[in-house]
Amino acid sequence: MTLEEVIVQKPVERAQCTGKALEEVLETAKTNDCLTIGVYESAKVMNIDPDSVSFCVLATDEEFECDIALQIHFTLIQAFCFDNDISIVRVSDMQRLAEIVGDKSEQLDDAHCVLITNPAEGSWEDPALDKLHLFCEESRGINDWVPEITLPER
């Protein structure tokens, strides 16, 4: 899909397209062992090696509204991403995100933050990741600093 095709899309089509792209990127990153899952684990990676972080996904659920500590962590993660030019999006369905990035054998307790990192041998090229970076850049252009993406249902 070219830039012109993305720009002329209707907002609903664009949201569906970016949701599918996010799911693709997460599955590819999982296969390549390039995911960091969890707020604390993500904070550690960002502190130790911020250059390895390519993309950040924050997920909310019912717990988010009542958990002040989690809201503070989100604010700090967002600020860190802005300062280090890391693209960041929000999804409103943490359970769906956990299904995508998790292991079928175990339940994820904390999928509130998921980082997509570059592999040890360098960066990996993914057209879906490029599409997500473009989506984030366009969203920032209209002052939507942490755009929300809806993940497709299974």
# chains A, B, ... in the order shown; residues from 1 in each chain; ligands from 1
$ residues_around --residues "Ala29 of chain A" --least-positions-apart "2" --cutoff "12 Å" --atoms "only C-alpha atoms" --output "MDAnalysis selection string"
chainID A and resid 22:27 31:37 53:55 100:102 114:119 123:126 128:129
$ select_by_dssp --residues "chain A" --states "helix (DSSP H, G or I)" --output "ChimeraX atom specification"
/A:3-7,11-31,39-48,50-52,62-66,68-83,94-101,127-141
$ select_by_dssp --residues "segment 75-141 of chain A" --states "strand (DSSP E)" --output "PyMOL selection string"
chain A and resi 87-91+113-117
$ atom_distance --atom1 "atom CA of Thr75 of chain A" --atom2 "atom CA of Lys30 of chain A"
25.4 Å
$ closest_atom_pairs --of "segment 36-68 of chain A" --to "segment 93-99 of chain A" --cutoff "7 Å" --atoms "only C-alpha atoms" --output "tab-separated table"
residue	atom	partner	partner_atom	distance
A:Ala59	CA	A:Met94	CA	5.0
A:Thr60	CA	A:Met94	CA	5.8
A:Asp61	CA	A:Met94	CA	5.9
$ closest_residue --among "A:Ala79, A:Ala69, A:Ile142, A:Val89" --to "Cys56 of chain A" --atoms "only C-alpha atoms"
A:Val89
$ closest_residue --among "A:Ile86, A:His112, A:Asn47, A:Pro152" --to "His73 of chain A" --atoms "only C-alpha atoms"
A:His112
$ closest_residue --among "A:Leu108, A:Val45, A:Val57, A:Ile77" --to "Cys136 of chain A" --atoms "only C-alpha atoms"
A:Val57
$ atom_distance --atom1 "atom CA of Gly19 of chain A" --atom2 "atom CA of Thr150 of chain A"
5.4 Å
$ atom_distance --atom1 "atom CA of Ser52 of chain A" --atom2 "atom CA of Asp67 of chain A"
28.7 Å
$ closest_residue --among "A:Cys17, A:Ala43, A:Ala111, A:Ile149" --to "Phe64 of chain A" --atoms "only C-alpha atoms"
A:Ala111
$ residues_around --residues "Leu76 of chain A" --least-positions-apart "3" --cutoff "12 Å" --atoms "only C-alpha atoms" --output "PyMOL selection string"
chain A and resi 39-40+42-43+46-47+58+69-73+79-83+113
